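Q: Below you'll find data13.json; it's JSON, C-alpha atoms and all ligand atoms.
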```json
[["chain", "number", "residue", "atom", "x", "y", "z"],
["A", 1, "MET", "CA", 69.56, 127.08, 140.34],
["A", 2, "SER", "CA", 69.96, 125.10, 143.58],
["A", 3, "LEU", "CA", 72.12, 122.02, 143.88],
["A", 4, "LYS", "CA", 69.64, 119.35, 145.01],
["A", 5, "ILE", "CA", 71.03, 117.09, 147.72],
["A", 6, "ALA", "CA", 69.09, 113.98, 148.80],
["A", 7, "LEU", "CA", 70.11, 113.58, 152.43],
["A", 8, "THR", "CA", 69.28, 110.44, 154.44],
["A", 9, "LYS", "CA", 67.22, 111.63, 157.38],
["A", 10, "GLY", "CA", 67.81, 110.36, 160.88],
["A", 11, "ARG", "CA", 71.20, 109.14, 162.02],
["A", 12, "VAL", "CA", 73.06, 110.04, 158.81],
["A", 13, "GLU", "CA", 71.62, 113.57, 158.74],
["A", 14, "LYS", "CA", 72.76, 114.21, 162.33],
["A", 15, "LYS", "CA", 76.28, 112.90, 161.70],
["A", 16, "VAL", "CA", 76.69, 114.81, 158.43],
["A", 17, "ILE", "CA", 75.52, 118.27, 159.58],
["A", 18, "PRO", "CA", 78.86, 119.14, 161.27],
["A", 19, "LEU", "CA", 80.68, 118.25, 158.03],
["A", 20, "LEU", "CA", 78.29, 120.35, 155.94],
["A", 21, "GLU", "CA", 78.84, 123.28, 158.32],
["A", 22, "HIS", "CA", 82.58, 122.80, 158.02],
["A", 23, "ALA", "CA", 82.16, 122.93, 154.25],
["A", 24, "GLY", "CA", 80.53, 126.38, 154.49],
["A", 25, "ILE", "CA", 76.84, 125.43, 154.44],
["A", 26, "ASN", "CA", 74.68, 127.24, 156.97],
["A", 27, "CYS", "CA", 72.73, 124.31, 158.44],
["A", 28, "VAL", "CA", 70.48, 126.32, 160.78],
["A", 29, "PRO", "CA", 67.45, 125.78, 158.48],
["A", 30, "LEU", "CA", 68.20, 122.04, 158.49],
["A", 31, "LYS", "CA", 68.54, 121.90, 162.26],
["A", 32, "ASN", "CA", 65.31, 123.89, 162.83],
["A", 33, "LYS", "CA", 63.27, 122.13, 160.18],
["A", 34, "LYS", "CA", 60.82, 120.06, 162.31],
["A", 35, "ARG", "CA", 58.73, 118.06, 159.75],
["A", 36, "LYS", "CA", 59.66, 120.02, 156.63],
["A", 37, "LEU", "CA", 61.16, 117.76, 153.96],
["A", 38, "ILE", "CA", 62.68, 120.25, 151.51],
["A", 39, "ILE", "CA", 65.06, 122.75, 153.02],
["A", 40, "GLN", "CA", 66.94, 125.56, 151.31],
["A", 41, "CYS", "CA", 70.33, 126.62, 152.67],
["A", 42, "ASN", "CA", 72.77, 129.43, 151.77],
["A", 43, "ASN", "CA", 70.04, 131.53, 150.16],
["A", 44, "GLY", "CA", 68.89, 128.69, 147.94],
["A", 45, "GLU", "CA", 72.38, 127.63, 146.76],
["A", 46, "PHE", "CA", 71.63, 124.18, 148.20],
["A", 47, "GLU", "CA", 68.30, 122.40, 148.48],
["A", 48, "PHE", "CA", 68.21, 119.43, 150.86],
["A", 49, "ILE", "CA", 65.65, 116.70, 150.22],
["A", 50, "LEU", "CA", 65.17, 114.66, 153.40],
["A", 51, "ALA", "CA", 64.65, 111.02, 152.43],
["A", 52, "LYS", "CA", 64.88, 107.45, 153.71],
["A", 53, "GLY", "CA", 68.23, 105.87, 152.80],
["A", 54, "PRO", "CA", 67.00, 103.45, 150.12],
["A", 55, "ASP", "CA", 65.07, 106.27, 148.41],
["A", 56, "VAL", "CA", 68.15, 108.49, 148.03],
["A", 57, "THR", "CA", 69.39, 106.45, 145.07],
["A", 58, "THR", "CA", 65.87, 106.33, 143.60],
["A", 59, "TYR", "CA", 65.90, 110.15, 143.45],
["A", 60, "LEU", "CA", 69.37, 110.17, 141.89],
["A", 61, "ASN", "CA", 68.43, 107.56, 139.29],
["A", 62, "ALA", "CA", 65.30, 109.50, 138.40],
["A", 63, "GLY", "CA", 67.36, 112.66, 137.97],
["A", 64, "VAL", "CA", 65.36, 114.64, 140.55],
["A", 65, "ALA", "CA", 68.35, 115.01, 142.89],
["A", 66, "ASP", "CA", 71.94, 115.88, 141.92],
["A", 67, "ILE", "CA", 73.81, 114.50, 144.92],
["A", 68, "GLY", "CA", 73.04, 111.86, 147.52],
["A", 69, "ILE", "CA", 74.30, 111.38, 151.06],
["A", 70, "VAL", "CA", 73.73, 107.77, 152.07],
["A", 71, "GLY", "CA", 75.22, 104.85, 154.00],
["A", 72, "SER", "CA", 77.44, 102.36, 152.19],
["A", 73, "ASP", "CA", 75.17, 99.63, 153.64],
["A", 74, "ILE", "CA", 72.39, 100.85, 151.35],
["A", 75, "LEU", "CA", 74.69, 101.29, 148.34],
["A", 76, "GLU", "CA", 75.95, 97.73, 148.82],
["A", 77, "GLU", "CA", 72.46, 96.29, 149.16],
["A", 78, "GLN", "CA", 71.05, 98.00, 146.08],
["A", 79, "GLN", "CA", 72.24, 96.48, 142.84],
["A", 80, "ASN", "CA", 72.36, 99.65, 140.77],
["A", 81, "GLU", "CA", 75.82, 101.20, 140.61],
["A", 82, "GLN", "CA", 76.17, 104.76, 141.90],
["A", 83, "TYR", "CA", 78.99, 107.14, 141.04],
["A", 84, "GLU", "CA", 80.77, 107.75, 144.32],
["A", 85, "LEU", "CA", 82.46, 111.07, 145.00],
["A", 86, "LEU", "CA", 83.65, 110.74, 148.58],
["A", 87, "ASP", "CA", 83.67, 108.59, 151.70],
["A", 88, "LEU", "CA", 82.53, 111.03, 154.39],
["A", 89, "GLU", "CA", 84.02, 108.74, 157.05],
["A", 90, "THR", "CA", 81.15, 109.32, 159.45],
["A", 91, "GLY", "CA", 78.12, 107.20, 160.39],
["A", 92, "LYS", "CA", 80.59, 104.40, 160.95],
["A", 93, "CYS", "CA", 79.29, 100.98, 161.90],
["A", 94, "GLN", "CA", 79.72, 97.39, 160.73],
["A", 95, "PHE", "CA", 77.79, 94.37, 159.53],
["A", 96, "VAL", "CA", 78.10, 91.33, 161.76],
["A", 97, "LEU", "CA", 76.82, 87.78, 161.91],
["A", 98, "ALA", "CA", 75.35, 87.37, 165.39],
["A", 99, "SER", "CA", 73.28, 84.94, 167.39],
["A", 100, "THR", "CA", 72.76, 83.41, 170.79],
["A", 101, "ALA", "CA", 75.83, 81.74, 172.32],
["A", 102, "ASP", "CA", 74.59, 78.23, 171.40],
["A", 103, "PHE", "CA", 74.54, 78.97, 167.62],
["A", 104, "ASP", "CA", 76.66, 76.44, 165.75],
["A", 105, "VAL", "CA", 78.34, 78.49, 163.04],
["A", 106, "ASP", "CA", 79.97, 75.35, 161.56],
["A", 107, "SER", "CA", 76.80, 73.27, 161.44],
["A", 108, "PRO", "CA", 76.30, 71.59, 158.03],
["A", 109, "GLU", "CA", 72.54, 72.09, 158.31],
["A", 110, "ARG", "CA", 70.86, 74.80, 156.19],
["A", 111, "LYS", "CA", 70.68, 77.92, 158.36],
["A", 112, "ILE", "CA", 67.86, 80.44, 158.59],
["A", 113, "ILE", "CA", 69.19, 84.02, 158.70],
["A", 114, "GLY", "CA", 67.16, 87.10, 159.62],
["A", 115, "THR", "CA", 68.22, 90.46, 158.17],
["A", 116, "LYS", "CA", 67.23, 93.84, 156.79],
["A", 117, "TYR", "CA", 69.89, 93.25, 154.09],
["A", 118, "PRO", "CA", 69.05, 90.07, 152.11],
["A", 119, "LEU", "CA", 71.45, 90.70, 149.22],
["A", 120, "ILE", "CA", 74.47, 91.37, 151.43],
["A", 121, "THR", "CA", 73.57, 88.29, 153.50],
["A", 122, "LYS", "CA", 73.20, 86.12, 150.38],
["A", 123, "ARG", "CA", 76.58, 87.28, 149.03],
["A", 124, "TYR", "CA", 78.28, 86.69, 152.37],
["A", 125, "PHE", "CA", 77.04, 83.10, 152.69],
["A", 126, "GLU", "CA", 77.76, 82.43, 149.02],
["A", 127, "SER", "CA", 81.36, 83.50, 149.65],
["A", 128, "LEU", "CA", 81.42, 80.79, 152.33],
["A", 129, "GLY", "CA", 79.90, 78.29, 149.90],
["A", 130, "GLN", "CA", 76.74, 78.03, 152.02],
["A", 131, "ASP", "CA", 73.16, 78.07, 150.86],
["A", 132, "VAL", "CA", 70.97, 79.66, 153.55],
["A", 133, "GLU", "CA", 67.33, 80.61, 153.91],
["A", 134, "ILE", "CA", 66.99, 84.37, 154.33],
["A", 135, "ILE", "CA", 64.07, 86.01, 156.12],
["A", 136, "LYS", "CA", 63.74, 89.76, 155.49],
["A", 137, "ILE", "CA", 63.01, 91.73, 158.66],
["A", 138, "GLU", "CA", 62.28, 95.47, 158.76],
["A", 139, "GLY", "CA", 63.67, 96.30, 162.22],
["A", 140, "SER", "CA", 64.53, 95.03, 165.69],
["A", 141, "VAL", "CA", 66.41, 92.30, 163.82],
["A", 142, "GLU", "CA", 67.97, 91.11, 167.08],
["A", 143, "LEU", "CA", 64.62, 89.57, 168.02],
["A", 144, "ALA", "CA", 64.88, 86.86, 165.34],
["A", 145, "PRO", "CA", 67.27, 84.42, 167.06],
["A", 146, "LEU", "CA", 65.76, 85.19, 170.48],
["A", 147, "ILE", "CA", 62.25, 84.15, 169.54],
["A", 148, "GLY", "CA", 63.19, 81.29, 167.22],
["A", 149, "LEU", "CA", 62.44, 82.98, 163.89],
["A", 150, "ALA", "CA", 66.02, 82.54, 162.65],
["A", 151, "ASP", "CA", 69.21, 80.73, 163.64],
["A", 152, "ALA", "CA", 71.25, 83.94, 163.36],
["A", 153, "ILE", "CA", 71.14, 87.50, 161.99],
["A", 154, "VAL", "CA", 73.22, 89.70, 159.74],
["A", 155, "ASP", "CA", 72.81, 93.20, 161.12],
["A", 156, "ILE", "CA", 74.56, 96.47, 161.80],
["A", 157, "THR", "CA", 76.39, 97.11, 165.04],
["A", 158, "GLU", "CA", 77.92, 100.36, 166.20],
["A", 159, "THR", "CA", 78.39, 100.51, 169.98],
["A", 160, "GLY", "CA", 77.47, 96.84, 170.50],
["A", 161, "THR", "CA", 74.83, 97.83, 173.06],
["A", 162, "THR", "CA", 71.86, 96.22, 171.30],
["A", 163, "LEU", "CA", 73.68, 92.90, 170.90],
["A", 164, "LYS", "CA", 74.91, 92.97, 174.50],
["A", 165, "GLU", "CA", 71.55, 93.86, 176.02],
["A", 166, "ASN", "CA", 69.95, 90.99, 174.12],
["A", 167, "ASN", "CA", 72.68, 88.46, 175.00],
["A", 168, "LEU", "CA", 73.77, 88.04, 171.41],
["A", 169, "LYS", "CA", 77.30, 87.14, 170.37],
["A", 170, "ILE", "CA", 79.23, 88.14, 167.25],
["A", 171, "PHE", "CA", 80.27, 85.12, 165.15],
["A", 172, "ASP", "CA", 81.81, 86.99, 162.23],
["A", 173, "TYR", "CA", 82.59, 90.52, 161.04],
["A", 174, "LEU", "CA", 81.44, 91.52, 157.54],
["A", 175, "ASN", "CA", 81.96, 94.84, 155.73],
["A", 176, "LYS", "CA", 82.51, 98.13, 157.50],
["A", 177, "ILE", "CA", 79.96, 100.86, 156.80],
["A", 178, "SER", "CA", 80.24, 104.65, 156.50],
["A", 179, "THR", "CA", 78.32, 107.51, 154.91],
["A", 180, "HIS", "CA", 79.13, 108.26, 151.26],
["A", 181, "LEU", "CA", 78.61, 111.16, 148.87],
["A", 182, "VAL", "CA", 77.22, 109.94, 145.53],
["A", 183, "VAL", "CA", 76.21, 111.78, 142.40],
["A", 184, "ASN", "CA", 73.87, 111.54, 139.46],
["A", 185, "ARG", "CA", 76.16, 111.29, 136.39],
["A", 186, "MET", "CA", 74.04, 113.70, 134.34],
["A", 187, "SER", "CA", 74.22, 116.31, 137.14],
["A", 188, "LEU", "CA", 77.96, 115.85, 137.30],
["A", 189, "LYS", "CA", 78.14, 116.96, 133.66],
["A", 190, "GLN", "CA", 75.68, 119.84, 134.11],
["A", 191, "HIS", "CA", 76.94, 121.20, 137.45],
["A", 192, "SER", "CA", 80.50, 119.89, 137.55],
["A", 193, "ARG", "CA", 81.99, 123.10, 139.00],
["A", 194, "GLU", "CA", 79.50, 123.34, 141.90],
["A", 195, "ILE", "CA", 79.66, 119.61, 142.61],
["A", 196, "PHE", "CA", 83.46, 119.40, 142.61],
["A", 197, "ASN", "CA", 83.64, 122.56, 144.69],
["A", 198, "LEU", "CA", 81.34, 121.03, 147.33],
["A", 199, "THR", "CA", 83.23, 117.71, 147.19],
["A", 200, "ASP", "CA", 86.55, 119.53, 147.75],
["A", 201, "GLN", "CA", 85.10, 121.45, 150.71],
["A", 202, "LEU", "CA", 83.68, 118.26, 152.21],
["A", 203, "GLU", "CA", 86.94, 116.41, 151.67],
["A", 204, "LYS", "CA", 88.76, 119.15, 153.61],
["A", 205, "ALA", "CA", 86.10, 118.93, 156.33],
["A", 206, "VAL", "CA", 86.57, 115.16, 156.59],
["A", 207, "LEU", "CA", 90.35, 115.61, 156.91],
["A", 208, "GLU", "CA", 89.92, 118.29, 159.57],
["A", 209, "GLU", "CA", 87.47, 116.13, 161.54],
["A", 210, "LYS", "CA", 89.90, 113.23, 161.26],
["A", 211, "SER", "CA", 92.87, 115.26, 162.48],
["A", 212, "LYS", "CA", 90.76, 116.59, 165.39],
["A", 213, "GLY", "CA", 89.92, 112.98, 166.29],
["A", 214, "GLU", "CA", 93.56, 111.99, 166.13],
["A", 215, "LEU", "CA", 94.58, 115.01, 168.25],
["A", 216, "SER", "CA", 92.02, 114.23, 170.92],
["A", 217, "THR", "CA", 93.26, 110.62, 171.01],
["A", 218, "ASP", "CA", 96.81, 111.87, 171.42],
["A", 219, "GLU", "CA", 95.70, 114.16, 174.24],
["A", 220, "ASN", "CA", 94.26, 111.14, 176.00],
["A", 221, "LEU", "CA", 97.53, 109.24, 175.87],
["A", 301, "LIG", "N1", 74.14, 102.01, 164.78],
["A", 301, "LIG", "C1", 73.65, 102.11, 163.56],
["A", 301, "LIG", "N2", 72.64, 101.31, 163.21],
["A", 301, "LIG", "C2", 72.08, 101.41, 161.99],
["A", 301, "LIG", "N3", 72.48, 102.27, 161.03],
["A", 301, "LIG", "C3", 73.50, 103.09, 161.34],
["A", 301, "LIG", "C4", 74.13, 103.05, 162.61],
["A", 301, "LIG", "N4", 75.08, 104.01, 162.62],
["A", 301, "LIG", "C5", 75.05, 104.59, 161.43],
["A", 301, "LIG", "N5", 74.12, 104.04, 160.64],
["A", 301, "LIG", "C6", 73.78, 104.48, 159.28],
["A", 301, "LIG", "O1", 72.48, 105.06, 159.40],
["A", 301, "LIG", "C7", 71.58, 104.54, 158.43],
["A", 301, "LIG", "C8", 70.23, 104.27, 159.08],
["A", 301, "LIG", "O2", 69.79, 105.42, 159.70],
["A", 301, "LIG", "P1", 68.49, 105.38, 160.62],
["A", 301, "LIG", "O3", 68.66, 104.32, 161.66],
["A", 301, "LIG", "O4", 68.21, 106.76, 161.07],
["A", 301, "LIG", "O5", 67.39, 104.98, 159.57],
["A", 301, "LIG", "P2", 66.45, 103.73, 159.48],
["A", 301, "LIG", "O6", 67.25, 102.47, 159.33],
["A", 301, "LIG", "O7", 65.49, 104.06, 158.41],
["A", 301, "LIG", "O8", 65.83, 103.64, 160.91],
["A", 301, "LIG", "P3", 64.44, 104.03, 161.50],
["A", 301, "LIG", "O9", 63.39, 103.80, 160.45],
["A", 301, "LIG", "O10", 64.36, 103.05, 162.65],
["A", 301, "LIG", "O11", 64.58, 105.46, 161.93],
["A", 301, "LIG", "C9", 72.19, 103.27, 157.90],
["A", 301, "LIG", "O12", 71.91, 103.17, 156.52],
["A", 301, "LIG", "C10", 73.67, 103.39, 158.21],
["A", 301, "LIG", "O13", 74.39, 103.81, 157.06],
["A", 302, "LIG", "O1", 75.44, 98.59, 168.18],
["A", 302, "LIG", "P1", 74.38, 99.61, 168.50],
["A", 302, "LIG", "O2", 74.96, 100.95, 168.80],
["A", 302, "LIG", "O3", 73.45, 99.12, 169.59],
["A", 302, "LIG", "O4", 73.52, 99.87, 167.18],
["A", 302, "LIG", "C1", 72.97, 98.82, 166.43],
["A", 302, "LIG", "C2", 71.50, 98.83, 166.35],
["A", 302, "LIG", "O5", 71.04, 100.01, 165.68],
["A", 302, "LIG", "C3", 70.29, 99.64, 164.51],
["A", 302, "LIG", "O6", 68.92, 99.57, 164.77],
["A", 302, "LIG", "P2", 67.98, 100.87, 164.72],
["A", 302, "LIG", "O7", 68.24, 101.72, 165.91],
["A", 302, "LIG", "O8", 68.14, 101.53, 163.38],
["A", 302, "LIG", "O9", 66.56, 100.30, 164.89],
["A", 302, "LIG", "P3", 65.80, 99.15, 164.10],
["A", 302, "LIG", "O10", 66.03, 97.90, 164.93],
["A", 302, "LIG", "O11", 64.39, 99.57, 164.12],
["A", 302, "LIG", "O12", 66.37, 99.02, 162.71],
["A", 302, "LIG", "C4", 70.82, 98.25, 164.16],
["A", 302, "LIG", "O13", 69.90, 97.52, 163.36],
["A", 302, "LIG", "C5", 71.04, 97.65, 165.53],
["A", 302, "LIG", "O14", 69.82, 97.14, 166.05]]
```
Represent the structure contained in this file as structure tokens.

A:
Amino acid sequence: MSLKIALTKGRVEKKVIPLLEHAGINCVPLKNKKRKLIIQCNNGEFEFILAKGPDVTTYLNAGVADIGIVGSDILEEQQNEQYELLDLETGKCQFVLASTADFDVDSPERKIIGTKYPLITKRYFESLGQDVEIIKIEGSVELAPLIGLADAIVDITETGTTLKENNLKIFDYLNKISTHLVVNRMSLKQHSREIFNLTDQLEKAVLEEKSKGELSTDENL
């Protein structure tokens, strides 16, 4: 029987494929898949289910996937606890509080914050002892302070390009984000050998990628 892996499609999928290859999974079917959503690799040893990030945990909770590959941003935003096997240390980015340069971060007035991540935003402002109004936005979050929808945003930044091109400034840094390997507890009992084997291989792959990164930095010195 295949090990069913719910893999976040898009950015995460692209970043994770080199690690999966390192771990001995032939990812050619994944790379050539076009619009196919269920992909078998290594003669059916692994079955990848291509899903949106927030749905990965839904599949795990329902028991229809054994393993999930998903960003820690999503795990943090969803309240249900997942059993985490490994930080894959890729897909790295960070939550920030950002706005136009004239935003008064210390203003005592109740702020309006735009974000794709209402729970993380609520927790962040609660930790500051501030009650804010949160407006949930589905994308292009950077628009909110520019067009007067919100005073500021809590969003993800990676290269900083989107903030820079829209003249937005970072006012605070929140949690760092990376891609994680999570598991359905029932599957862990049923397929423990296969799951721990894959986790070990991926852990080695992460270490190898890391040492390559460190070597290339050294070479640049
Ligand atoms: N620069 C980044 N911006 C947003 N997410 C990033 C970034 N870098 C890595 N990630 C990770 O990628 C995930 C989002 O992937 P992606 O942007 O492909 O999906 P999405 O948010 O559904 O976007 P879209 O629907 O616009 O394709 C996040 O959950 C996060 O863990
Ligand atoms: O710091 P950067 O490298 O510029 O990356 C950050 C941007 O990428 C993400 O948006 P995404 O591309 O997922 O599009 P979206 O606005 O539709 O969510 C995120 O919400 C930022 O807008």

Q: From the set A:Ile153, A:Val182, A:Leu19, A:Ala6, which residue has the shortest atom-to-atom contact distance to A:Val132, counting all atoms listed in the file?

A: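 Once distances to A:Val132 are computed over all atoms listed in the file, the minimum belongs to A:Ile153.
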
Q: Please give me, as a ChimeraX atom specification, the residues lying within 10 Å of ligand LIG 302 (chain A) when counting all atoms listed in the file.

A: /A:10-11,93-95,115-116,137-143,154-166

Q: By how many Å are atom CA of A:Glu89 and atom CA of A:Val206 apart?

A: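 Answer for the atom CA of A:Glu89 to atom CA of A:Val206 separation: 6.9 Å.
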
Q: Show me the residues around (81.0, 118.3, 157.6) - criterion: an atom at most 12 Å away, all atoms listed in the file counted - as JSON, numbers by chain.

A: {"A": [12, 13, 14, 15, 16, 17, 18, 19, 20, 21, 22, 23, 24, 25, 26, 27, 69, 87, 88, 89, 90, 91, 179, 181, 198, 199, 200, 201, 202, 203, 204, 205, 206, 207, 208, 209, 210]}

Q: Nearest to A:Gly129 among A:Leu149, A:Lys34, A:Gln40, A:Arg110, with distances taken over all atoms listed in the file: which residue is it?

A: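 Nearest candidate to A:Gly129 out of A:Leu149, A:Lys34, A:Gln40, A:Arg110: A:Arg110.
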
Q: If I take atom CA of A:Ala65 and atom CA of A:Ile5, how far is one from the other in Å, to one decimal?

A: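 Value for the atom CA of A:Ala65-atom CA of A:Ile5 distance: 5.9 Å.
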
Q: Find the residue from A:Ile39, A:Val28, A:Ala62, A:Leu75 that sits nearest to ligand LIG 301 (chain A); use only C-alpha atoms and all ligand atoms when measuring.

A: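 That would be A:Leu75, the residue with the smallest distance to ligand LIG 301 (chain A).
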
Q: So how far away is atom CA of A:Asn80 from atom CA of A:His191, in Å?

A: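 One can read the atom CA of A:His191 to atom CA of A:Asn80 distance as 22.3 Å.
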
Q: Name the closest residue to ligand LIG 301 (chain A) among the candidates A:Tyr173, A:Phe46, A:Phe196, A:Tyr117; distances are taken between atoms, counting all atoms listed in the file.

A: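 Closest to ligand LIG 301 (chain A), using all atoms listed in the file: A:Tyr117.
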
Q: Could you write stretch 102-129 of chain A as a PDB file, in the frame of the given file, with N, CA and C atoms rebuilt where they are missing?

A:
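Result file follows (out-v5.pdb):
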```pdb
ATOM      1  N   ASP A 102      74.641  79.656 171.794  1.00  0.00           N
ATOM      2  CA  ASP A 102      74.590  78.230 171.400  1.00  0.00           C
ATOM      3  C   ASP A 102      74.525  78.026 169.878  1.00  0.00           C
ATOM      4  N   PHE A 103      74.585  79.105 169.091  1.00  0.00           N
ATOM      5  CA  PHE A 103      74.540  78.970 167.620  1.00  0.00           C
ATOM      6  C   PHE A 103      75.776  78.225 167.125  1.00  0.00           C
ATOM      7  N   ASP A 104      75.533  77.220 166.287  1.00  0.00           N
ATOM      8  CA  ASP A 104      76.660  76.440 165.750  1.00  0.00           C
ATOM      9  C   ASP A 104      76.987  76.950 164.352  1.00  0.00           C
ATOM     10  N   VAL A 105      77.983  77.835 164.308  1.00  0.00           N
ATOM     11  CA  VAL A 105      78.340  78.490 163.040  1.00  0.00           C
ATOM     12  C   VAL A 105      78.845  77.477 162.008  1.00  0.00           C
ATOM     13  N   ASP A 106      79.402  76.350 162.479  1.00  0.00           N
ATOM     14  CA  ASP A 106      79.970  75.350 161.560  1.00  0.00           C
ATOM     15  C   ASP A 106      78.996  74.223 161.214  1.00  0.00           C
ATOM     16  N   SER A 107      77.779  74.336 161.690  1.00  0.00           N
ATOM     17  CA  SER A 107      76.800  73.270 161.440  1.00  0.00           C
ATOM     18  C   SER A 107      76.570  73.092 159.938  1.00  0.00           C
ATOM     19  N   PRO A 108      76.542  71.823 159.461  1.00  0.00           N
ATOM     20  CA  PRO A 108      76.300  71.590 158.030  1.00  0.00           C
ATOM     21  C   PRO A 108      74.837  71.788 157.642  1.00  0.00           C
ATOM     22  N   GLU A 109      73.967  71.920 158.629  1.00  0.00           N
ATOM     23  CA  GLU A 109      72.540  72.090 158.310  1.00  0.00           C
ATOM     24  C   GLU A 109      72.258  73.467 157.699  1.00  0.00           C
ATOM     25  N   ARG A 110      71.216  73.535 156.859  1.00  0.00           N
ATOM     26  CA  ARG A 110      70.860  74.800 156.190  1.00  0.00           C
ATOM     27  C   ARG A 110      70.351  75.792 157.242  1.00  0.00           C
ATOM     28  N   LYS A 111      71.016  76.929 157.318  1.00  0.00           N
ATOM     29  CA  LYS A 111      70.680  77.920 158.360  1.00  0.00           C
ATOM     30  C   LYS A 111      69.587  78.871 157.886  1.00  0.00           C
ATOM     31  N   ILE A 112      68.850  79.378 158.872  1.00  0.00           N
ATOM     32  CA  ILE A 112      67.860  80.440 158.590  1.00  0.00           C
ATOM     33  C   ILE A 112      68.449  81.732 159.156  1.00  0.00           C
ATOM     34  N   ILE A 113      68.558  82.755 158.293  1.00  0.00           N
ATOM     35  CA  ILE A 113      69.190  84.020 158.700  1.00  0.00           C
ATOM     36  C   ILE A 113      68.190  85.174 158.564  1.00  0.00           C
ATOM     37  N   GLY A 114      68.022  85.921 159.639  1.00  0.00           N
ATOM     38  CA  GLY A 114      67.160  87.100 159.620  1.00  0.00           C
ATOM     39  C   GLY A 114      67.985  88.346 159.334  1.00  0.00           C
ATOM     40  N   THR A 115      67.465  89.235 158.488  1.00  0.00           N
ATOM     41  CA  THR A 115      68.220  90.460 158.170  1.00  0.00           C
ATOM     42  C   THR A 115      67.356  91.497 157.463  1.00  0.00           C
ATOM     43  N   LYS A 116      67.823  92.747 157.582  1.00  0.00           N
ATOM     44  CA  LYS A 116      67.230  93.840 156.790  1.00  0.00           C
ATOM     45  C   LYS A 116      67.918  93.899 155.430  1.00  0.00           C
ATOM     46  N   TYR A 117      69.016  93.169 155.268  1.00  0.00           N
ATOM     47  CA  TYR A 117      69.890  93.250 154.090  1.00  0.00           C
ATOM     48  C   TYR A 117      70.039  91.880 153.411  1.00  0.00           C
ATOM     49  N   PRO A 118      68.989  91.420 152.694  1.00  0.00           N
ATOM     50  CA  PRO A 118      69.050  90.070 152.110  1.00  0.00           C
ATOM     51  C   PRO A 118      70.159  89.860 151.080  1.00  0.00           C
ATOM     52  N   LEU A 119      70.443  90.891 150.274  1.00  0.00           N
ATOM     53  CA  LEU A 119      71.450  90.700 149.220  1.00  0.00           C
ATOM     54  C   LEU A 119      72.860  90.558 149.811  1.00  0.00           C
ATOM     55  N   ILE A 120      73.160  91.423 150.770  1.00  0.00           N
ATOM     56  CA  ILE A 120      74.470  91.370 151.430  1.00  0.00           C
ATOM     57  C   ILE A 120      74.633  90.024 152.136  1.00  0.00           C
ATOM     58  N   THR A 121      73.546  89.570 152.772  1.00  0.00           N
ATOM     59  CA  THR A 121      73.570  88.290 153.500  1.00  0.00           C
ATOM     60  C   THR A 121      73.789  87.139 152.527  1.00  0.00           C
ATOM     61  N   LYS A 122      73.073  87.190 151.390  1.00  0.00           N
ATOM     62  CA  LYS A 122      73.200  86.120 150.380  1.00  0.00           C
ATOM     63  C   LYS A 122      74.642  86.051 149.880  1.00  0.00           C
ATOM     64  N   ARG A 123      75.205  87.231 149.556  1.00  0.00           N
ATOM     65  CA  ARG A 123      76.580  87.280 149.030  1.00  0.00           C
ATOM     66  C   ARG A 123      77.575  86.756 150.060  1.00  0.00           C
ATOM     67  N   TYR A 124      77.361  87.124 151.318  1.00  0.00           N
ATOM     68  CA  TYR A 124      78.280  86.690 152.370  1.00  0.00           C
ATOM     69  C   TYR A 124      78.278  85.159 152.485  1.00  0.00           C
ATOM     70  N   PHE A 125      77.087  84.554 152.542  1.00  0.00           N
ATOM     71  CA  PHE A 125      77.040  83.100 152.690  1.00  0.00           C
ATOM     72  C   PHE A 125      77.490  82.395 151.417  1.00  0.00           C
ATOM     73  N   GLU A 126      77.248  83.019 150.267  1.00  0.00           N
ATOM     74  CA  GLU A 126      77.760  82.430 149.020  1.00  0.00           C
ATOM     75  C   GLU A 126      79.283  82.397 149.039  1.00  0.00           C
ATOM     76  N   SER A 127      79.881  83.460 149.593  1.00  0.00           N
ATOM     77  CA  SER A 127      81.360  83.500 149.650  1.00  0.00           C
ATOM     78  C   SER A 127      81.894  82.394 150.559  1.00  0.00           C
ATOM     79  N   LEU A 128      81.026  81.906 151.460  1.00  0.00           N
ATOM     80  CA  LEU A 128      81.420  80.790 152.330  1.00  0.00           C
ATOM     81  C   LEU A 128      81.010  79.445 151.733  1.00  0.00           C
ATOM     82  N   GLY A 129      80.369  79.516 150.564  1.00  0.00           N
ATOM     83  CA  GLY A 129      79.900  78.290 149.900  1.00  0.00           C
ATOM     84  C   GLY A 129      78.681  77.702 150.587  1.00  0.00           C
TER      85      GLY A 129
END
```
